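Everything on this sheet refers to the single structure shown next.
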4 protein chains.
Amino acid sequence: MNDLLWPGDHRAGDLLTDAAVLDAMLAVEAAWSESLAAAGIFPSEAAVGRDALRVLVGDDDLAAITADAEAGGNPVIPLVRLLRDRLRPDRPEGRWLHRGLTSQDVVDSALMMGARDAVRTIRGQLLDQVALLAALAERHRGTPTVARTLTQHAVPTTFGHKAARWLAGVLDGYDDLARLVFPAQLGGASGTMAAAVELAGHLPDPAAAVRTAVAEAAARVGLDPADPWHTVRTPVTRVGDAVTGCTDAWGRLAGDVLTLSRPEVGEVSEGNGGGSSTMPHKANPTLSVLVRRAALAGPPLAATLHASAAGAVDERPPGEWHVEWATLRTLLRRAVVAGSQTTDLLRDLQVRPDRMAATLAAAEGVDAEQAGMVELAGRAPSADYLGLTDEYVDAVLARAAGVSREAES
Amino acid sequence: MNDLLWPGDHRAGDLLTDAAVLDAMLAVEAAWSESLAAAGIFPSEAAVGRDALRVLVGDDDLAAITADAEAGGNPVIPLVRLLRDRLRPDRPEGRWLHRGLTSQDVVDSALMMGARDAVRTIRGQLLDQVALLAALAERHRGTPTVARTLTQHAVPTTFGHKAARWLAGVLDGYDDLARLVFPAQLGGASGTMAAAVELAGHLPDPAAAVRTAVAEAAARVGLDPADPWHTVRTPVTRVGDAVTGCTDAWGRLAGDVLTLSRPEVGEVSEGNGGGSSTMPHKANPTLSVLVRRAALAGPPLAATLHASAAGAVDERPPGEWHVEWATLRTLLRRAVVAGSQTTDLLRDLQVRPDRMAATLAAAEGVDAEQAGMVELAGRAPSADYLGLTDEYVDAVLARAAGVSREAES
Amino acid sequence: MNDLLWPGDHRAGDLLTDAAVLDAMLAVEAAWSESLAAAGIFPSEAAVGRDALRVLVGDDDLAAITADAEAGGNPVIPLVRLLRDRLRPDRPEGRWLHRGLTSQDVVDSALMMGARDAVRTIRGQLLDQVALLAALAERHRGTPTVARTLTQHAVPTTFGHKAARWLAGVLDGYDDLARLVFPAQLGGASGTMAAAVELAGHLPDPAAAVRTAVAEAAARVGLDPADPWHTVRTPVTRVGDAVTGCTDAWGRLAGDVLTLSRPEVGEVSEGNGGGSSTMPHKANPTLSVLVRRAALAGPPLAATLHASAAGAVDERPPGEWHVEWATLRTLLRRAVVAGSQTTDLLRDLQVRPDRMAATLAAAEGVDAEQAGMVELAGRAPSADYLGLTDEYVDAVLARAAGVSREAES
Amino acid sequence: MNDLLWPGDHRAGDLLTDAAVLDAMLAVEAAWSESLAAAGIFPSEAAVGRDALRVLVGDDDLAAITADAEAGGNPVIPLVRLLRDRLRPDRPEGRWLHRGLTSQDVVDSALMMGARDAVRTIRGQLLDQVALLAALAERHRGTPTVARTLTQHAVPTTFGHKAARWLAGVLDGYDDLARLVFPAQLGGASGTMAAAVELAGHLPDPAAAVRTAVAEAAARVGLDPADPWHTVRTPVTRVGDAVTGCTDAWGRLAGDVLTLSRPEVGEVSEGNGGGSSTMPHKANPTLSVLVRRAALAGPPLAATLHASAAGAVDERPPGEWHVEWATLRTLLRRAVVAGSQTTDLLRDLQVRPDRMAATLAAAEGVDAEQAGMVELAGRAPSADYLGLTDEYVDAVLARAAGVSREAES
């Protein structure tokens, strides 16, 4: 894919590229034919494997399928036509291909496969970040720094506590991804599965045969089995919300890095700052800039998915479904890019305890609250006024350890 | 509250009104003082109950507090000033009030209390809807109707199946709400709890005493215990996303009602249609209109919460936190209103199986797919071409029964 | 109104409050009756003035109208019922009231009256800001400061140039508001004006009489004359976009103030910083915080208006119209509040040329680009490396002077 | 480009593709070098034309530039490096290339060139639509149909009047595009133009020379001359808002076509309905579906542009600028696709006056309002109850004629 206007896009690799989506659609068609043949609904000769379909579609075909997708409003129609033609309509593979399915089954299942892959990637990124942030919080649990509220110096805290807050956000993102499922979409023309049951009419229990075949088809493409959910778009909005929760967490820590790496603050810096086209001296916090960019882009895209879900009328809505595809792809690719950039950002983050100490020492009034407490309590002041920061760090570290342990097992 | 420009707003009652938020803020201050006194951190005379605070604040004060909130940017500052003044700063209650807290603790905890109440209400609405929709799906599992895709007639389905799809969306919404927690926010000036620990300095284990007090304070206001989450806004975005999932589900079924109650379709109608200011004959599907309105309003508000979460820099961000309050209130009140309207809509929904049958009988081409399958399979057509609709209805009804059972126990 | 969760809301005064909207709706009904009576379409006794209507509706009625608005989906239905009842249906005033109108006419015209008032207020705010910013740019056109790109020090600039950029944004906002029109909505049941023409049937030229009356009615409520635009929502989206352009401009300058007033930077500060509920020393940039808050809230609300416009099907859409009302009100009130806060912010802004000079002097590498140019050109470096900043300031000041002059005349 | 997940994307051709943006960036670099050489600021040998730059960059380079763009956060840095290298850094062309510019100048100017092209295309589409809709409104000004409000039959209107309302929206879109300007961005490192002035130091009036060169450079790439607007993003938000106004207008008419082409209504149909992957009989309103899709996608993207504008701090913001690029491209390409589809939709739209007449005749209560007016007025009813529809059509046609005339001249 590679997007000149979204630097870093290559980090998302083939994820949900046109070619990858096409390949996933072929996988769905193949799994369906194989599963229905295995269940005795299709003749056994109708089964056609993913590789057999793949060789039928060349790189040149993608452009034609894409262009032809407009006539019927989706890419499955020209794809099935092409496949049937090349499998030969007079042969079982060509004759039976896609029977019992509808375009939405193929598109939705393919998108769920892409979403599953994206989420798997992001979960891996989050685990890396959990390890990096846990180490950062541990290392700096005793590094004093000034807390800032509404841009102003407030009271002392530790940089470890700040890192633990970043980590808490990352862990929340991980938890939200962990509950996602990626259901196959297999329902036929309007979600009744009537065509497949009709084709299974010769079997003693057509319904059971179809259900078996559906479960097998889902398993073949690595999706969760599910009854048709054509207009119940919760699987899509949940993915959108959970992934946006991750970009929120990354955006927040990138925002802190941007603030703290201002020259006047200088408490952290990116390890490998980016250059400038005209100013040779500059070391820009480029990764943070690009991560923050993704955090700005995400919420409106997730909102589009909700608006589509809310308007999904009839048994297939006129437009609400169609707008989801590219929106979901964009949301997911950008999240994967930002996740990867965040890991790099954390891996190379330079922390300057000396600058933190100097700022804290020079900060006016950061002992004012403590002075008030001392007066109120009538006792000598404590040494550090760091409250429960250590306990809070411990609690987040324990949570992180649990997630890491669980992920390993 | 009552909003002339959001008809039906009264259904949300006192939820998160200015007065309710003020009352919740008083509850937080009271719970804090009582819990810290109980833990021996505050002198026992410093404990002041919710009722004792409530009598200090009159209806007239709300306007003044509201106006004075601007100077410091939040309503807690003038509220605490007023309370201390009326409790008398020279007496323990006045002297110790709010010590150890920060404005954000009070506002966030109060908003979480409101969110908890809203979600509790919505869960009740959803359970009512589950029962209504389950009955509707059961009653009409054998009512044939035409499925519509991209606005056009597709193949036969049953109205029970359609109702089951509505129900599936409502159940998804219920599940999303069920996992929400409503954490108290108790962290002090910048989330370190330093002031409270300082005040607990005379106790053998100040940290333990504070943790005990914090847990008790959370329990007193009915919130979940939590370490400070000042800039980790997941509790807020999760509420926003989950509630938007509910308005999605309602918007979708309201959209179907709007389509199906068009005079040319006439397959359903609202039981009590609304009138017109100039056309006496009209029976408008008003509830559906108003529910759909809420589904349009929700996603951008939820996106605002995500954008705020992603920008929550430092230990308290300059604006991102402040924009959440009214946004969350609006989102929640509108959801509660729409939920209530949806229940009424479903309770009185009129279904016309005769019109459905007539439309289906007259629909051109709805047997075309079946004819293709028959030709392919070389067998006589089945009687109804309804596929697995019955099984799908059963599956959703089983899920509904599980939710209802669990809610009762 | 006064909103505890939107500090500063009182600055918007009565603008578009429920009472103000109700009053505007009465004005529309009155103007209509008077104009149609004047044109001879209504009997002359049917004319009823705004004040005469106003006295019929007490403060208590507002709550009842609000609650009753739900049944028909809008507040005009219960309002007209109440008015007719109190004017007595057997008397001409009661009998003819609202004849020829539809609910949408009354609501849309009332909202346009509110929008007009809001925009007028904002234009006044912008003019004040133009004067303040012009003075600021003039005063500091020779105040060197460091330019910052991607948070890092870049090259020298002047604070006057920065202020001129703020001013350019404010001027853009002014220009966008200046082109807005506020059309009356007068179309009858579905925008055909059939009822009024029917009632004018006894006149020689009914169409001409109605057109005259419509123009007069618009003039009476201070709106622009217009053919019915029921489902062509451009007047609403244009207001939303233009006002969001203003909050963009304010948000940007508030964002700069927030950055520059960080203690580590300290180059500007708000004149009257806000306090803290627990930290006595803090002087928070509260106005900037609250302005930034509005800039975060605006874009999603404007997007809701566009989404509604895009979905305005039929001759009145089921929900898209209804969601606009409160959305527009919120957008406008928040803009008026932010505009007022921005004026205060600019009026009291403290600028610290000494800090700017110190930062610039200490900034590493800000002369690197110049060094490169010197090497390239093979000449001695210029004294200040400020390029055309002075000319740019002049250009914006000239534009500001033009706007100010035009506004005075 | 061609996007498998956005059927119809090919209609936008090369607009703002990576290759087109790259080419525009080359044009900016070339125009700058030529203009500065012409002004005597650069040595005359430093001038390098667009074609000379173009031949230096092969198809293979695009991928490398794209990947390398991440390090500095934008594609100009690797592009300039590559160009200098291939022009040879020891020769004037290589040595002087890009001197005085900053990355933002090149990216913003290139995007403005793309926006200008997109808007030019859309204006052409709108003019075609104006002609088609004017003919439609004229042809059907006497075709009675039923008006629908809140989905229900209201009163009679004409299809010509409905078409005229569609036309009014399209004309509003045209007007909004007509006021757009596309300013060049030429400001240097932080918008002061210091480097260019430094390089012009040998000339008698360096400032004047630079201003001349800037104006010429803008003209060479077909952009409007402008002082630097680095953080004043009004040119971007205005494009986003105006283009979204167009998708609103298209979405609205597509929504009407979708409703009216439901089989139960059958009053219009798309001329060339799209097929189905499994239901051979279906003639889907595919163009309307795809246009509506774009109308759903647009508003949140435009909101992203506003949010970015509002957060454009410092002299170049960390992320807000970067998120604009792909957002603007997506918004513009989708609008161009939707505009083209709308033209086709209108060109082939099939109108069924017989169905309209039948619906109107059968509609219950559509004469109720008239009956009320007749009773009120005490006169015999008029023949058609169409009010001023004819006059309203005339007014829109006059407006259309004015626009068409102006466009031709």
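Just so we're on the same page: first chain in the structure tokens is A, next is B, and so on; residues restart at 1 for each chain, and ligands are numbered from 1 in the order they show up.
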message = Which residues are near region 30-40 of chain A? Cut-off 9 Å, only C-alpha atoms, ignore same chain within fewer than 5 positions. Put them as a PyMOL selection string.
response = chain A and resi 25+45-53+93+96-101+186+196+200+203+209-210+212-221
Return the neighbours of chain D among the residues of chain B, cut-off 9 Å, counting only C-alpha atoms, as a PDB file with N, CA, C and O atoms, in the first residue's frame.
ATOM      1  N   THR B 149     -33.144  -5.614   0.762  1.00  0.00           N
ATOM      2  CA  THR B 149     -31.723  -5.259   0.762  1.00  0.00           C
ATOM      3  C   THR B 149     -31.519  -4.126  -0.231  1.00  0.00           C
ATOM      4  O   THR B 149     -32.069  -4.150  -1.342  1.00  0.00           O
ATOM      5  N   LEU B 150     -30.754  -3.131   0.192  1.00  0.00           N
ATOM      6  CA  LEU B 150     -30.536  -1.931  -0.632  1.00  0.00           C
ATOM      7  C   LEU B 150     -31.867  -1.356  -1.105  1.00  0.00           C
ATOM      8  O   LEU B 150     -31.987  -0.918  -2.241  1.00  0.00           O
ATOM      9  N   THR B 151     -32.829  -1.388  -0.238  1.00  0.00           N
ATOM     10  CA  THR B 151     -34.210  -0.871  -0.422  1.00  0.00           C
ATOM     11  C   THR B 151     -35.106  -1.779  -1.268  1.00  0.00           C
ATOM     12  O   THR B 151     -36.331  -1.548  -1.307  1.00  0.00           O
ATOM     13  N   GLN B 152     -34.558  -2.785  -1.910  1.00  0.00           N
ATOM     14  CA  GLN B 152     -35.352  -3.608  -2.834  1.00  0.00           C
ATOM     15  C   GLN B 152     -35.759  -4.942  -2.202  1.00  0.00           C
ATOM     16  O   GLN B 152     -35.070  -5.449  -1.323  1.00  0.00           O
ATOM     17  N   HIS B 153     -36.846  -5.476  -2.709  1.00  0.00           N
ATOM     18  CA  HIS B 153     -37.296  -6.789  -2.243  1.00  0.00           C
ATOM     19  C   HIS B 153     -36.264  -7.849  -2.594  1.00  0.00           C
ATOM     20  O   HIS B 153     -35.760  -7.888  -3.721  1.00  0.00           O
ATOM     21  N   ALA B 154     -35.988  -8.707  -1.650  1.00  0.00           N
ATOM     22  CA  ALA B 154     -34.931  -9.700  -1.858  1.00  0.00           C
ATOM     23  C   ALA B 154     -35.538 -11.110  -1.856  1.00  0.00           C
ATOM     24  O   ALA B 154     -35.887 -11.635  -2.905  1.00  0.00           O
ATOM     25  N   VAL B 155     -35.672 -11.701  -0.694  1.00  0.00           N
ATOM     26  CA  VAL B 155     -36.210 -13.059  -0.565  1.00  0.00           C
ATOM     27  C   VAL B 155     -37.140 -13.050   0.650  1.00  0.00           C
ATOM     28  O   VAL B 155     -37.168 -12.086   1.403  1.00  0.00           O
ATOM     29  N   LEU B 258     -39.703   3.177  11.007  1.00  0.00           N
ATOM     30  CA  LEU B 258     -39.997   4.309  10.124  1.00  0.00           C
ATOM     31  C   LEU B 258     -40.228   3.832   8.693  1.00  0.00           C
ATOM     32  O   LEU B 258     -41.146   4.285   8.011  1.00  0.00           O
ATOM     33  N   THR B 259     -39.387   2.939   8.229  1.00  0.00           N
ATOM     34  CA  THR B 259     -39.556   2.430   6.873  1.00  0.00           C
ATOM     35  C   THR B 259     -40.852   1.630   6.741  1.00  0.00           C
ATOM     36  O   THR B 259     -41.636   1.826   5.806  1.00  0.00           O
ATOM     37  N   SER B 261     -43.477   1.706   8.462  1.00  0.00           N
ATOM     38  CA  SER B 261     -44.733   2.411   8.703  1.00  0.00           C
ATOM     39  C   SER B 261     -45.000   3.476   7.647  1.00  0.00           C
ATOM     40  O   SER B 261     -45.972   4.224   7.772  1.00  0.00           O
ATOM     41  N   ARG B 262     -44.177   3.541   6.638  1.00  0.00           N
ATOM     42  CA  ARG B 262     -44.554   4.398   5.497  1.00  0.00           C
ATOM     43  C   ARG B 262     -45.891   3.899   4.956  1.00  0.00           C
ATOM     44  O   ARG B 262     -46.105   2.686   4.884  1.00  0.00           O
ATOM     45  N   PRO B 263     -46.761   4.811   4.559  1.00  0.00           N
ATOM     46  CA  PRO B 263     -48.094   4.365   4.123  1.00  0.00           C
ATOM     47  C   PRO B 263     -48.016   3.345   2.983  1.00  0.00           C
ATOM     48  O   PRO B 263     -48.838   2.428   2.928  1.00  0.00           O
ATOM     49  N   GLU B 264     -47.044   3.483   2.112  1.00  0.00           N
ATOM     50  CA  GLU B 264     -46.951   2.551   0.990  1.00  0.00           C
ATOM     51  C   GLU B 264     -46.564   1.155   1.451  1.00  0.00           C
ATOM     52  O   GLU B 264     -46.761   0.186   0.707  1.00  0.00           O
ATOM     53  N   VAL B 265     -45.950   1.070   2.612  1.00  0.00           N
ATOM     54  CA  VAL B 265     -45.534  -0.233   3.129  1.00  0.00           C
ATOM     55  C   VAL B 265     -46.570  -0.707   4.146  1.00  0.00           C
ATOM     56  O   VAL B 265     -47.168  -1.779   3.981  1.00  0.00           O
ATOM     57  N   THR B 278     -50.856  21.287  11.594  1.00  0.00           N
ATOM     58  CA  THR B 278     -51.758  21.779  10.539  1.00  0.00           C
ATOM     59  C   THR B 278     -52.494  20.679   9.795  1.00  0.00           C
ATOM     60  O   THR B 278     -53.491  20.949   9.157  1.00  0.00           O
ATOM     61  N   MET B 279     -52.031  19.423   9.903  1.00  0.00           N
ATOM     62  CA  MET B 279     -52.675  18.344   9.154  1.00  0.00           C
ATOM     63  C   MET B 279     -53.335  17.371  10.105  1.00  0.00           C
ATOM     64  O   MET B 279     -52.691  16.521  10.712  1.00  0.00           O
ATOM     65  N   PRO B 280     -54.652  17.497  10.264  1.00  0.00           N
ATOM     66  CA  PRO B 280     -55.354  16.738  11.307  1.00  0.00           C
ATOM     67  C   PRO B 280     -55.319  15.228  11.105  1.00  0.00           C
ATOM     68  O   PRO B 280     -55.485  14.471  12.056  1.00  0.00           O
ATOM     69  N   HIS B 281     -55.084  14.785   9.878  1.00  0.00           N
ATOM     70  CA  HIS B 281     -55.187  13.352   9.608  1.00  0.00           C
ATOM     71  C   HIS B 281     -53.938  12.577   9.978  1.00  0.00           C
ATOM     72  O   HIS B 281     -53.953  11.359  10.030  1.00  0.00           O
ATOM     73  N   LYS B 282     -52.835  13.274  10.203  1.00  0.00           N
ATOM     74  CA  LYS B 282     -51.571  12.566  10.278  1.00  0.00           C
ATOM     75  C   LYS B 282     -51.372  11.812  11.588  1.00  0.00           C
ATOM     76  O   LYS B 282     -51.680  12.300  12.657  1.00  0.00           O
ATOM     77  N   ALA B 283     -50.849  10.611  11.468  1.00  0.00           N
ATOM     78  CA  ALA B 283     -50.444   9.844  12.641  1.00  0.00           C
ATOM     79  C   ALA B 283     -48.968   9.542  12.449  1.00  0.00           C
ATOM     80  O   ALA B 283     -48.594   8.549  11.842  1.00  0.00           O
ATOM     81  N   ASN B 284     -48.154  10.424  12.948  1.00  0.00           N
ATOM     82  CA  ASN B 284     -46.716  10.316  12.709  1.00  0.00           C
ATOM     83  C   ASN B 284     -46.066   9.298  13.640  1.00  0.00           C
ATOM     84  O   ASN B 284     -46.471   9.172  14.796  1.00  0.00           O
ATOM     85  N   PRO B 285     -45.073   8.617  13.158  1.00  0.00           N
ATOM     86  CA  PRO B 285     -44.332   7.692  14.023  1.00  0.00           C
ATOM     87  C   PRO B 285     -43.369   8.454  14.919  1.00  0.00           C
ATOM     88  O   PRO B 285     -42.147   8.354  14.781  1.00  0.00           O
ATOM     89  N   THR B 286     -43.921   9.234  15.820  1.00  0.00           N
ATOM     90  CA  THR B 286     -43.131  10.212  16.574  1.00  0.00           C
ATOM     91  C   THR B 286     -42.045   9.591  17.432  1.00  0.00           C
ATOM     92  O   THR B 286     -40.922  10.100  17.486  1.00  0.00           O
ATOM     93  N   VAL B 289     -39.171   8.669  15.349  1.00  0.00           N
ATOM     94  CA  VAL B 289     -38.473   9.879  14.920  1.00  0.00           C
ATOM     95  C   VAL B 289     -37.538  10.367  16.022  1.00  0.00           C
ATOM     96  O   VAL B 289     -36.365  10.689  15.774  1.00  0.00           O
ATOM     97  N   PRO B 300     -21.075  11.451  17.447  1.00  0.00           N
ATOM     98  CA  PRO B 300     -20.121  12.560  17.559  1.00  0.00           C
ATOM     99  C   PRO B 300     -19.807  12.934  19.005  1.00  0.00           C
ATOM    100  O   PRO B 300     -18.686  13.384  19.297  1.00  0.00           O
ATOM    101  N   THR B 359     -47.619  -7.878   0.581  1.00  0.00           N
ATOM    102  CA  THR B 359     -46.403  -7.372  -0.061  1.00  0.00           C
ATOM    103  C   THR B 359     -45.562  -8.521  -0.601  1.00  0.00           C
ATOM    104  O   THR B 359     -45.072  -8.480  -1.736  1.00  0.00           O
ATOM    105  N   ALA B 363     -44.533  -9.258  -4.465  1.00  0.00           N
ATOM    106  CA  ALA B 363     -43.143  -8.876  -4.753  1.00  0.00           C
ATOM    107  C   ALA B 363     -42.600  -9.649  -5.950  1.00  0.00           C
ATOM    108  O   ALA B 363     -42.659 -10.875  -5.974  1.00  0.00           O
ATOM    109  N   GLU B 364     -42.069  -8.916  -6.867  1.00  0.00           N
ATOM    110  CA  GLU B 364     -41.523  -9.543  -8.071  1.00  0.00           C
ATOM    111  C   GLU B 364     -40.138 -10.114  -7.800  1.00  0.00           C
ATOM    112  O   GLU B 364     -39.284  -9.426  -7.260  1.00  0.00           O
ATOM    113  N   GLY B 365     -39.968 -11.333  -8.218  1.00  0.00           N
ATOM    114  CA  GLY B 365     -38.618 -11.884  -8.209  1.00  0.00           C
ATOM    115  C   GLY B 365     -38.135 -12.415  -6.890  1.00  0.00           C
ATOM    116  O   GLY B 365     -36.993 -12.865  -6.792  1.00  0.00           O
ATOM    117  N   VAL B 366     -38.953 -12.379  -5.852  1.00  0.00           N
ATOM    118  CA  VAL B 366     -38.436 -12.867  -4.575  1.00  0.00           C
ATOM    119  C   VAL B 366     -38.238 -14.380  -4.602  1.00  0.00           C
ATOM    120  O   VAL B 366     -37.623 -14.943  -3.712  1.00  0.00           O
ATOM    121  N   ASP B 367     -38.775 -15.047  -5.618  1.00  0.00           N
ATOM    122  CA  ASP B 367     -38.539 -16.490  -5.739  1.00  0.00           C
ATOM    123  C   ASP B 367     -37.427 -16.804  -6.737  1.00  0.00           C
ATOM    124  O   ASP B 367     -37.156 -17.970  -7.023  1.00  0.00           O
ATOM    125  N   ALA B 368     -36.780 -15.768  -7.234  1.00  0.00           N
ATOM    126  CA  ALA B 368     -35.765 -15.999  -8.283  1.00  0.00           C
ATOM    127  C   ALA B 368     -34.573 -16.778  -7.737  1.00  0.00           C
ATOM    128  O   ALA B 368     -34.077 -17.699  -8.385  1.00  0.00           O
ATOM    129  N   GLU B 369     -34.133 -16.401  -6.549  1.00  0.00           N
ATOM    130  CA  GLU B 369     -32.982 -17.125  -6.012  1.00  0.00           C
ATOM    131  C   GLU B 369     -33.338 -18.587  -5.791  1.00  0.00           C
ATOM    132  O   GLU B 369     -32.582 -19.492  -6.156  1.00  0.00           O
ATOM    133  N   GLN B 370     -34.509 -18.831  -5.223  1.00  0.00           N
ATOM    134  CA  GLN B 370     -34.907 -20.215  -4.977  1.00  0.00           C
ATOM    135  C   GLN B 370     -34.953 -21.011  -6.287  1.00  0.00           C
ATOM    136  O   GLN B 370     -34.508 -22.157  -6.356  1.00  0.00           O
ATOM    137  N   GLY B 372     -33.217 -20.591  -8.857  1.00  0.00           N
ATOM    138  CA  GLY B 372     -31.843 -20.925  -9.225  1.00  0.00           C
ATOM    139  C   GLY B 372     -31.328 -22.118  -8.436  1.00  0.00           C
ATOM    140  O   GLY B 372     -30.655 -23.002  -8.977  1.00  0.00           O
TER     141      GLY B 372
END
message = I'd like the interatomic distance between CA of Arg316 (chain C) and CA of Ala357 (chain D), to a tenth of an Å.
response =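 Atom-to-atom, CA of Arg316 (chain C) and CA of Ala357 (chain D) are spaced 20.4 Å apart.
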ask   = Could you pull the residues within 10 Å of Arg233 (chain A), counting only C-alpha atoms, minus those fewer than 3 positions along the same chain, as a ChimeraX atom specification?
value = /A:229-230,236-238,305-306,308-312,321,324 /B:169,172,245,248-249,252
query = Could you write out, as a PyMOL selection string, all the residues of region 252-324 of chain B that DSSP marks as alpha helix (DSSP H)?
reply = chain B and resi 252-260+286-310+320-324
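Look at region 125-133 of chain D: the protein and nucleic acid residues within 7 Å of it, using only C-alpha atoms and passing over chain neighbours fewer than 4 places away, are Thr121, Ala137, Ala163, Leu167, Val170, Tyr174, Gly339, Ser340, Thr343, Leu346, Arg347, Ala400 and Ser404 of chain D.
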task = Mind the document's chain letters and residue numbers, and return as an MDAnalysis selection string the residues of region 82-178 of chain A that DSSP labels strand (DSSP E or B).
result = chainID A and resid 144:149 152:158
Save the residues we just selected, N, CA, C and O atoms, as a compact mmCIF listing (two decimals), in the first residue's frame?
# COMPACT_ATOMS: atom_id res chain seq x y z
N PRO A 144 12.03 11.91 41.23
CA PRO A 144 11.06 12.98 41.49
C PRO A 144 10.91 13.90 40.27
O PRO A 144 11.88 14.17 39.55
N THR A 145 9.72 14.34 40.06
CA THR A 145 9.44 15.30 38.99
C THR A 145 8.23 16.11 39.43
O THR A 145 7.57 15.79 40.42
N VAL A 146 7.97 17.16 38.71
CA VAL A 146 6.85 18.00 39.11
C VAL A 146 5.59 17.55 38.36
O VAL A 146 5.64 17.27 37.16
N ALA A 147 4.51 17.46 39.07
CA ALA A 147 3.22 17.22 38.41
C ALA A 147 2.70 18.54 37.86
O ALA A 147 2.92 19.60 38.45
N ARG A 148 2.07 18.43 36.71
CA ARG A 148 1.54 19.65 36.07
C ARG A 148 0.05 19.52 35.87
O ARG A 148 -0.43 18.55 35.30
N THR A 149 -0.68 20.50 36.34
CA THR A 149 -2.12 20.51 36.10
C THR A 149 -2.49 21.83 35.44
O THR A 149 -2.00 22.89 35.84
N GLN A 152 0.28 24.17 34.66
CA GLN A 152 1.09 24.79 35.71
C GLN A 152 1.66 23.75 36.68
O GLN A 152 1.09 22.68 36.86
N HIS A 153 2.78 24.11 37.30
CA HIS A 153 3.36 23.24 38.31
C HIS A 153 2.41 23.08 39.48
O HIS A 153 1.84 24.06 39.96
N ALA A 154 2.30 21.84 39.93
CA ALA A 154 1.34 21.57 40.99
C ALA A 154 2.06 21.09 42.25
O ALA A 154 2.38 21.90 43.12
N VAL A 155 2.33 19.82 42.33
CA VAL A 155 2.99 19.24 43.51
C VAL A 155 3.99 18.22 42.99
O VAL A 155 3.99 17.89 41.80
N PRO A 156 4.86 17.68 43.85
CA PRO A 156 5.81 16.66 43.36
C PRO A 156 5.11 15.35 43.03
O PRO A 156 4.08 15.01 43.60
N THR A 157 5.67 14.65 42.11
CA THR A 157 5.28 13.26 41.85
C THR A 157 6.56 12.55 41.41
O THR A 157 7.65 13.10 41.57
N THR A 158 6.43 11.32 40.89
CA THR A 158 7.62 10.66 40.35
C THR A 158 7.39 10.35 38.88
O THR A 158 6.25 10.19 38.44
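By chain and then residue number, the residues within 9 Å of Arg116 (chain B) are Leu111, Met112, Met113, Val119, Arg120, Thr121, Leu180, Val181, Phe182, Gly222 and Leu223 of chain B, counting only C-alpha atoms and disregarding those fewer than 3 positions away in sequence.
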message = Residues within 8 Å of Glu267 (chain D), please, as a VMD selection string. Count only C-alpha atoms; anything in the same chain fewer than 6 positions from it doesn't count.
response = chain D and resid 260 to 261 351 to 353 355 to 356
